[in-house]
file target-v9.txt (compact mmCIF, C-alpha atoms and all ligand atoms)
# COMPACT_ATOMS: atom_id res chain seq x y z
CA MET A 1 0.00 0.00 0.00
CA PHE A 2 1.39 3.43 -0.89
CA TYR A 3 -1.64 5.64 -0.25
CA GLU A 4 -4.69 5.54 1.99
CA GLY A 5 -7.44 8.09 1.45
CA LYS A 6 -10.86 8.53 3.04
CA ALA A 7 -12.68 5.97 0.89
CA LYS A 8 -9.93 4.09 -0.96
CA LYS A 9 -6.49 2.56 -0.66
CA LEU A 10 -3.94 2.29 -3.45
CA TYR A 11 -1.51 -0.59 -3.86
CA SER A 12 1.39 -0.82 -6.26
CA THR A 13 1.84 -3.89 -8.46
CA SER A 14 4.86 -5.57 -10.09
CA ASP A 15 4.15 -3.35 -13.11
CA PRO A 16 5.19 0.25 -12.27
CA GLY A 17 2.52 1.57 -14.66
CA LEU A 18 -0.35 -0.16 -12.87
CA VAL A 19 -1.95 0.19 -9.43
CA ILE A 20 -4.77 -1.51 -7.55
CA GLN A 21 -7.54 0.70 -6.21
CA TYR A 22 -9.27 -0.84 -3.14
CA PHE A 23 -12.72 0.49 -2.15
CA LYS A 24 -13.51 0.80 1.59
CA ASP A 25 -16.89 1.12 3.32
CA ASP A 26 -15.70 4.20 5.24
CA ALA A 27 -17.72 7.32 4.58
CA THR A 28 -16.73 10.88 5.43
CA ALA A 29 -18.34 14.24 4.80
CA PHE A 30 -17.51 17.90 5.43
CA ASN A 31 -13.78 17.28 5.02
CA ALA A 32 -13.88 14.26 7.38
CA LYS A 33 -15.58 16.13 10.25
CA LYS A 34 -18.40 13.58 9.90
CA ARG A 35 -17.41 9.92 9.77
CA GLY A 36 -19.26 6.66 9.39
CA THR A 37 -19.58 3.43 7.48
CA ILE A 38 -21.94 2.54 4.69
CA GLU A 39 -22.33 -1.21 4.55
CA GLU A 40 -21.07 -2.75 1.29
CA LYS A 41 -20.36 0.74 -0.11
CA GLY A 42 -16.94 -0.36 -1.36
CA VAL A 43 -18.42 -3.22 -3.33
CA MET A 44 -21.15 -1.03 -4.85
CA ASN A 45 -18.81 1.85 -5.72
CA ASN A 46 -16.27 -0.51 -7.30
CA ARG A 47 -18.97 -2.07 -9.46
CA MET A 48 -20.61 1.24 -10.39
CA SER A 49 -17.28 2.87 -11.23
CA GLU A 50 -16.42 -0.10 -13.47
CA LEU A 51 -19.70 0.32 -15.27
CA PHE A 52 -19.31 4.08 -15.77
CA PHE A 53 -15.64 3.84 -16.81
CA ASN A 54 -16.55 1.19 -19.42
CA LEU A 55 -19.41 3.36 -20.69
CA LEU A 56 -17.10 6.39 -20.93
CA GLU A 57 -14.34 4.45 -22.72
CA ARG A 58 -16.92 3.23 -25.27
CA ASN A 59 -17.77 6.90 -25.82
CA GLY A 60 -14.20 8.06 -26.36
CA VAL A 61 -13.24 9.25 -22.85
CA ARG A 62 -9.84 7.87 -21.82
CA THR A 63 -9.79 6.67 -18.19
CA HIS A 64 -7.36 4.99 -15.77
CA PHE A 65 -9.60 1.90 -15.56
CA VAL A 66 -8.12 -1.39 -16.77
CA ARG A 67 -10.41 -4.04 -15.24
CA ARG A 68 -12.22 -4.99 -12.05
CA LEU A 69 -10.29 -7.65 -10.14
CA ASN A 70 -12.81 -8.64 -7.47
CA ASP A 71 -15.58 -7.21 -5.25
CA ARG A 72 -13.47 -4.41 -3.83
CA GLU A 73 -10.52 -3.94 -6.17
CA MET A 74 -9.92 -2.60 -9.64
CA LEU A 75 -6.73 -2.49 -11.69
CA CYS A 76 -5.87 1.01 -12.92
CA ARG A 77 -3.17 2.85 -14.80
CA ARG A 78 -0.91 4.76 -12.42
CA LEU A 79 -1.59 8.49 -12.57
CA ASP A 80 0.37 11.54 -11.62
CA ILE A 81 -2.73 13.20 -10.12
CA ILE A 82 -3.44 16.83 -10.97
CA PRO A 83 -4.43 18.48 -7.65
CA VAL A 84 -7.55 20.11 -9.07
CA GLU A 85 -11.02 18.66 -8.50
CA ILE A 86 -13.44 19.34 -11.33
CA VAL A 87 -17.12 19.71 -10.46
CA VAL A 88 -19.71 19.74 -13.24
CA ARG A 89 -23.22 20.94 -12.36
CA ASN A 90 -26.52 20.61 -14.21
CA ILE A 91 -28.86 21.55 -11.35
CA VAL A 92 -28.13 23.84 -8.38
CA ALA A 93 -27.33 21.90 -5.19
CA GLY A 94 -24.91 21.61 -2.28
CA SER A 95 -22.17 24.19 -1.86
CA MET A 96 -23.30 26.20 -4.88
CA ALA A 97 -26.83 26.65 -3.51
CA LYS A 98 -25.34 27.76 -0.20
CA ARG A 99 -22.61 30.02 -1.54
CA LEU A 100 -24.80 31.87 -4.03
CA GLY A 101 -28.09 31.77 -2.13
CA ARG A 102 -29.92 29.77 -4.83
CA GLU A 103 -32.68 27.25 -4.31
CA GLU A 104 -31.58 23.57 -4.59
CA GLY A 105 -33.19 22.10 -7.68
CA GLU A 106 -32.93 25.14 -9.98
CA PRO A 107 -31.93 23.79 -13.40
CA LEU A 108 -28.90 25.42 -15.06
CA LYS A 109 -29.22 26.52 -18.69
CA HIS A 110 -25.76 25.13 -19.49
CA PRO A 111 -23.53 22.70 -17.60
CA LEU A 112 -21.27 24.66 -15.29
CA VAL A 113 -17.66 23.60 -14.70
CA GLU A 114 -15.95 24.53 -11.42
CA TYR A 115 -12.39 24.00 -10.24
CA TYR A 116 -11.30 23.29 -6.65
CA TYR A 117 -7.76 23.04 -5.31
CA LYS A 118 -7.34 19.57 -3.80
CA SER A 119 -6.09 20.38 -0.30
CA ASP A 120 -7.44 18.97 2.97
CA PRO A 121 -5.80 21.64 5.18
CA LEU A 122 -7.42 24.37 3.05
CA ASP A 123 -10.79 22.56 2.71
CA ASP A 124 -10.57 22.27 -1.11
CA PRO A 125 -11.06 25.97 -1.97
CA LEU A 126 -12.84 27.05 -5.14
CA ILE A 127 -10.31 28.42 -7.65
CA TYR A 128 -10.13 29.85 -11.14
CA PRO A 129 -8.37 27.66 -13.70
CA GLU A 130 -5.83 30.51 -13.91
CA HIS A 131 -4.69 29.68 -10.36
CA ALA A 132 -3.91 26.12 -11.45
CA ILE A 133 -1.84 27.44 -14.36
CA GLU A 134 -0.12 30.13 -12.27
CA PHE A 135 0.93 27.70 -9.52
CA GLY A 136 1.98 24.98 -11.95
CA TRP A 137 -0.66 22.41 -10.98
CA ALA A 138 -1.59 22.05 -14.66
CA THR A 139 -0.70 23.67 -17.96
CA ALA A 140 -3.17 25.76 -19.95
CA GLY A 141 -3.36 22.92 -22.47
CA GLU A 142 -4.12 20.39 -19.74
CA ILE A 143 -6.88 22.58 -18.27
CA GLU A 144 -8.46 22.93 -21.70
CA LYS A 145 -8.30 19.14 -22.24
CA ILE A 146 -9.74 18.42 -18.78
CA ARG A 147 -12.63 20.83 -19.33
CA THR A 148 -13.51 19.21 -22.67
CA MET A 149 -13.31 15.72 -21.12
CA ALA A 150 -15.44 16.75 -18.10
CA LEU A 151 -18.18 18.12 -20.36
CA LYS A 152 -18.09 14.92 -22.44
CA VAL A 153 -18.45 12.85 -19.23
CA ASP A 154 -21.46 14.98 -18.32
CA GLU A 155 -23.05 14.44 -21.73
CA VAL A 156 -22.53 10.66 -21.73
CA LEU A 157 -23.56 10.06 -18.11
CA SER A 158 -26.55 12.41 -18.23
CA ARG A 159 -28.01 10.63 -21.25
CA PHE A 160 -27.34 7.15 -19.81
CA LEU A 161 -28.90 8.04 -16.44
CA ASP A 162 -31.86 9.88 -17.95
CA GLU A 163 -32.84 6.64 -19.72
CA ARG A 164 -32.85 5.02 -16.28
CA GLY A 165 -35.01 7.64 -14.58
CA VAL A 166 -32.15 9.42 -12.85
CA LEU A 167 -31.14 13.10 -12.95
CA LEU A 168 -27.40 13.77 -12.85
CA VAL A 169 -27.40 16.86 -10.62
CA ASP A 170 -23.62 17.34 -10.24
CA PHE A 171 -20.43 15.33 -9.86
CA LYS A 172 -16.71 15.59 -9.08
CA LEU A 173 -13.90 14.28 -11.28
CA GLU A 174 -10.15 13.91 -10.88
CA PHE A 175 -7.65 13.68 -13.69
CA GLY A 176 -4.01 12.67 -13.95
CA ARG A 177 -1.13 12.17 -16.36
CA HIS A 178 -0.13 8.74 -17.59
CA GLN A 179 2.63 8.33 -20.20
CA GLY A 180 2.05 11.80 -21.58
CA GLU A 181 -1.72 11.52 -21.72
CA ILE A 182 -4.49 13.01 -19.55
CA LEU A 183 -6.74 10.25 -18.15
CA LEU A 184 -9.86 10.40 -16.01
CA GLY A 185 -9.08 8.84 -12.62
CA ASP A 186 -10.57 8.24 -9.17
CA GLU A 187 -14.12 6.81 -9.06
CA ILE A 188 -17.63 7.69 -10.25
CA CYS A 189 -20.29 6.65 -7.77
CA PRO A 190 -22.89 7.99 -5.30
CA ASP A 191 -20.01 9.30 -3.12
CA THR A 192 -18.89 11.67 -5.87
CA CYS A 193 -22.12 12.41 -7.76
CA ARG A 194 -25.57 13.71 -6.89
CA PHE A 195 -28.28 11.47 -8.34
CA TRP A 196 -31.97 12.35 -8.01
CA ASP A 197 -34.90 10.19 -9.05
CA LYS A 198 -36.45 11.93 -12.07
CA GLN A 199 -40.05 11.45 -10.92
CA THR A 200 -39.87 11.89 -7.14
CA ARG A 201 -36.59 13.89 -6.88
CA GLN A 202 -35.61 11.48 -4.10
CA LYS A 203 -31.88 11.61 -3.36
CA LEU A 204 -29.99 8.45 -4.37
CA ASP A 205 -26.50 9.44 -3.25
CA LYS A 206 -24.21 10.38 -0.37
CA ASP A 207 -26.39 13.36 0.61
CA ARG A 208 -28.50 10.75 2.48
CA PHE A 209 -25.43 10.20 4.70
CA ARG A 210 -24.30 13.86 4.79
CA ARG A 211 -27.77 15.08 5.83
CA ASP A 212 -28.82 12.09 7.99
CA LEU A 213 -31.78 11.28 5.75
CA GLY A 214 -31.66 7.53 6.40
CA GLY A 215 -31.92 4.81 3.74
CA VAL A 216 -28.28 5.28 2.74
CA GLU A 217 -27.47 1.65 1.80
CA GLU A 218 -30.85 1.33 0.06
CA ALA A 219 -30.09 4.37 -2.11
CA TYR A 220 -26.71 2.96 -3.21
CA HIS A 221 -28.35 -0.41 -3.99
CA GLU A 222 -31.11 1.29 -5.94
CA MET A 223 -28.59 3.27 -8.03
CA LEU A 224 -26.62 0.13 -8.78
CA ARG A 225 -29.81 -1.67 -9.81
CA ARG A 226 -30.69 1.16 -12.20
CA VAL A 227 -27.31 1.37 -13.88
CA GLU A 228 -26.95 -2.41 -14.19
CA THR A 229 -30.14 -2.67 -16.27
N1 LIG B 1 -17.79 16.21 -4.26
C1 LIG B 1 -16.90 15.18 -4.01
N2 LIG B 1 -15.83 15.40 -3.18
C2 LIG B 1 -15.60 16.59 -2.60
C3 LIG B 1 -16.51 17.64 -2.84
C4 LIG B 1 -17.58 17.43 -3.67
O1 LIG B 1 -17.06 14.09 -4.56
O2 LIG B 1 -14.60 16.74 -1.87
C5 LIG B 1 -18.94 16.01 -5.16
C6 LIG B 1 -20.27 15.96 -4.43
O3 LIG B 1 -20.64 14.64 -4.15
C7 LIG B 1 -21.23 16.59 -5.41
C8 LIG B 1 -20.35 17.54 -6.22
O4 LIG B 1 -19.02 17.11 -6.04
O5 LIG B 1 -21.75 15.60 -6.29
C9 LIG B 1 -20.50 18.99 -5.82
O6 LIG B 1 -20.30 19.11 -4.44
P1 LIG B 1 -20.49 20.50 -3.68
O7 LIG B 1 -19.50 21.48 -4.19
O8 LIG B 1 -21.93 20.89 -3.79
O9 LIG B 1 -20.05 20.23 -2.20
P2 LIG B 1 -20.80 19.52 -0.98
O10 LIG B 1 -22.19 20.03 -0.93
O11 LIG B 1 -20.70 18.06 -1.27
O12 LIG B 1 -19.96 19.96 0.17

call {"tool": "encode", "arguments": {"input": "target-v9.txt", "output": "structure tokens"}}
result
Amino acid sequence: MFYEGKAKKLYSTSDPGLVIQYFKDDATAFNAKKRGTIEEKGVMNNRMSELFFNLLERNGVRTHFVRRLNDREMLCRRLDIIPVEIVVRNIVAGSMAKRLGREEGEPLKHPLVEYYYKSDPLDDPLIYPEHAIEFGWATAGEIEKIRTMALKVDEVLSRFLDERGVLLVDFKLEFGRHQGEILLGDEICPDTCRFWDKQTRQKLDKDRFRRDLGGVEEAYHEMLRRVET
């Protein structure tokens, strides 16, 4: 093991270009001020991430995903992670609703891309892409590429989920460099996305844990059921 984060562990392999990503059941929110466990979350997030990465690859988005190894582990290309979290939003929710005093649920006319500096001590502050370029976290070319890829992810996932009765409200992505190429990394699951049922607007994601709404495991199971069919 060479890295342990809040929800995952990373292991190196005999191939320096490949790593194993292990999914834990640990759940945190508000920069780890709230902690808990979501039963079988690791298994569900591993499976859902596999499904989304495969879907994205079929649609021309290059990702770090190689293959799922077992219930909790996937084989990935090793990335030099760019310390900028990309959030794409289709509907107002979460920190954006709070920061700008907007009602949660307001649809956005166009997908909105935001950039956050990945730093626990600073609480992942919102930045302009220019900050990332200025401080050498990414080049202007990389930022442009990442923005294009993030919008493509939004387009592909939104369509796929819409067909399954789910609204893709917003989500967070991480990117990294691998052999000179920018790849989508991390995971795509109810920990990192907001999913709302299209009919009832019921939350099917980690907000159930963040806001103590109950039915957390059930929501993750329901999302997996929808994307597997
Ligand atoms: N998100 C994430 N990790 C973070 C912050 C946000 O995966 O450290 C995801 C979150 O699940 C949501 C989207 O990014 O789908 C936008 O989150 P927001 O900025 O609204 O922050 P939050 O309300 O989660 O604090």

call {"tool": "atom_distance", "arguments": {"input": "target-v9.txt", "atom1": "atom CA of Gly165 of chain A", "atom2": "atom CA of Lys198 of chain A"}}
result
5.2 Å

call {"tool": "axis_aligned_box", "arguments": {"input": "target-v9.txt", "around": "ligand LIG 1 (chain B)", "padding_each_side": "5 Å", "output": "AutoDock Vina command-line options"}}
result
--center_x -18.4 --center_y 17.8 --center_z -3.1 --size_x 17.6 --size_y 17.4 --size_z 16.5

call {"tool": "residues_near_point", "arguments": {"input": "target-v9.txt", "point": "(-28.5, 11.5, -5.9)", "cutoff": "8 Å", "atoms": "only C-alpha atoms", "output": "short mmCIF file (atom, residue, chain, number, x, y, z; two decimals) with C-alpha atoms, keeping the file's coordinate frame"}}
result
data_model
loop_
_atom_site.label_atom_id
_atom_site.label_comp_id
_atom_site.auth_asym_id
_atom_site.auth_seq_id
_atom_site.Cartn_x
_atom_site.Cartn_y
_atom_site.Cartn_z
CA LEU A 167 -31.14 13.10 -12.95
CA LEU A 168 -27.40 13.77 -12.85
CA VAL A 169 -27.40 16.86 -10.62
CA PRO A 190 -22.89 7.99 -5.30
CA CYS A 193 -22.12 12.41 -7.76
CA ARG A 194 -25.57 13.71 -6.89
CA PHE A 195 -28.28 11.47 -8.34
CA TRP A 196 -31.97 12.35 -8.01
CA ASP A 197 -34.90 10.19 -9.05
CA GLN A 202 -35.61 11.48 -4.10
CA LYS A 203 -31.88 11.61 -3.36
CA LEU A 204 -29.99 8.45 -4.37
CA ASP A 205 -26.50 9.44 -3.25
CA LYS A 206 -24.21 10.38 -0.37
CA ASP A 207 -26.39 13.36 0.61
#

call {"tool": "closest_residue", "arguments": {"input": "target-v9.txt", "among": "A:Gly94, A:Val87, A:Leu18, A:Leu51", "to": "Arg211 of chain A", "atoms": "only C-alpha atoms"}}
result
A:Gly94

call {"tool": "residues_near_ligand", "arguments": {"input": "target-v9.txt", "ligand": "ligand LIG 1 (chain B)", "cutoff": "10 Å", "atoms": "all atoms listed in the file", "output": "VMD selection string"}}
result
chain A and resid 28 to 32 85 to 89 92 to 99 114 to 120 123 to 126 168 to 174 186 to 195 205 to 207 210

call {"tool": "residues_around", "arguments": {"input": "target-v9.txt", "residues": "segment 3-15 of chain A", "least_positions_apart": "5", "cutoff": "12 Å", "atoms": "all atoms listed in the file", "output": "MDAnalysis selection string"}}
result
chainID A and resid 20:38 41:43 45:46 72:79 120 186:187 189 191:192

call {"tool": "residues_around", "arguments": {"input": "target-v9.txt", "residues": "Ala132 of chain A", "least_positions_apart": "6", "cutoff": "10 Å", "atoms": "all atoms listed in the file", "output": "PDB file with C-alpha atoms, keeping the file's coordinate frame"}}
result
ATOM      1  CA  ILE A  82      -3.440  16.830 -10.970  1.00  0.00           C
ATOM      2  CA  PRO A  83      -4.430  18.480  -7.650  1.00  0.00           C
ATOM      3  CA  VAL A  84      -7.550  20.110  -9.070  1.00  0.00           C
ATOM      4  CA  TYR A 115     -12.390  24.000 -10.240  1.00  0.00           C
ATOM      5  CA  TYR A 116     -11.300  23.290  -6.650  1.00  0.00           C
ATOM      6  CA  TYR A 117      -7.760  23.040  -5.310  1.00  0.00           C
ATOM      7  CA  ALA A 138      -1.590  22.050 -14.660  1.00  0.00           C
ATOM      8  CA  THR A 139      -0.700  23.670 -17.960  1.00  0.00           C
ATOM      9  CA  ALA A 140      -3.170  25.760 -19.950  1.00  0.00           C
ATOM     10  CA  ILE A 143      -6.880  22.580 -18.270  1.00  0.00           C
TER      11      ILE A 143
END

call {"tool": "atom_distance", "arguments": {"input": "target-v9.txt", "atom1": "atom CA of Ile133 of chain A", "atom2": "atom CA of Thr148 of chain A"}}
result
16.5 Å

call {"tool": "atom_distance", "arguments": {"input": "target-v9.txt", "atom1": "atom CA of Asn90 of chain A", "atom2": "atom CA of Glu142 of chain A"}}
result
23.1 Å

call {"tool": "closest_residue", "arguments": {"input": "target-v9.txt", "among": "A:Arg47, A:Arg102, A:Arg67, A:Arg147", "to": "Leu184 of chain A", "atoms": "all atoms listed in the file"}}
result
A:Arg147

call {"tool": "closest_residue", "arguments": {"input": "target-v9.txt", "among": "A:Gly60, A:Phe65, A:His221, A:Arg226", "to": "Phe160 of chain A", "atoms": "only C-alpha atoms"}}
result
A:Arg226

call {"tool": "closest_residue", "arguments": {"input": "target-v9.txt", "among": "A:Asp71, A:Glu57, A:Glu222, A:Asp80", "to": "Val156 of chain A", "atoms": "only C-alpha atoms"}}
result
A:Glu57

call {"tool": "closest_residue", "arguments": {"input": "target-v9.txt", "among": "A:Arg208, A:His110, A:His64, A:Arg201", "to": "Leu151 of chain A", "atoms": "only C-alpha atoms"}}
result
A:His110
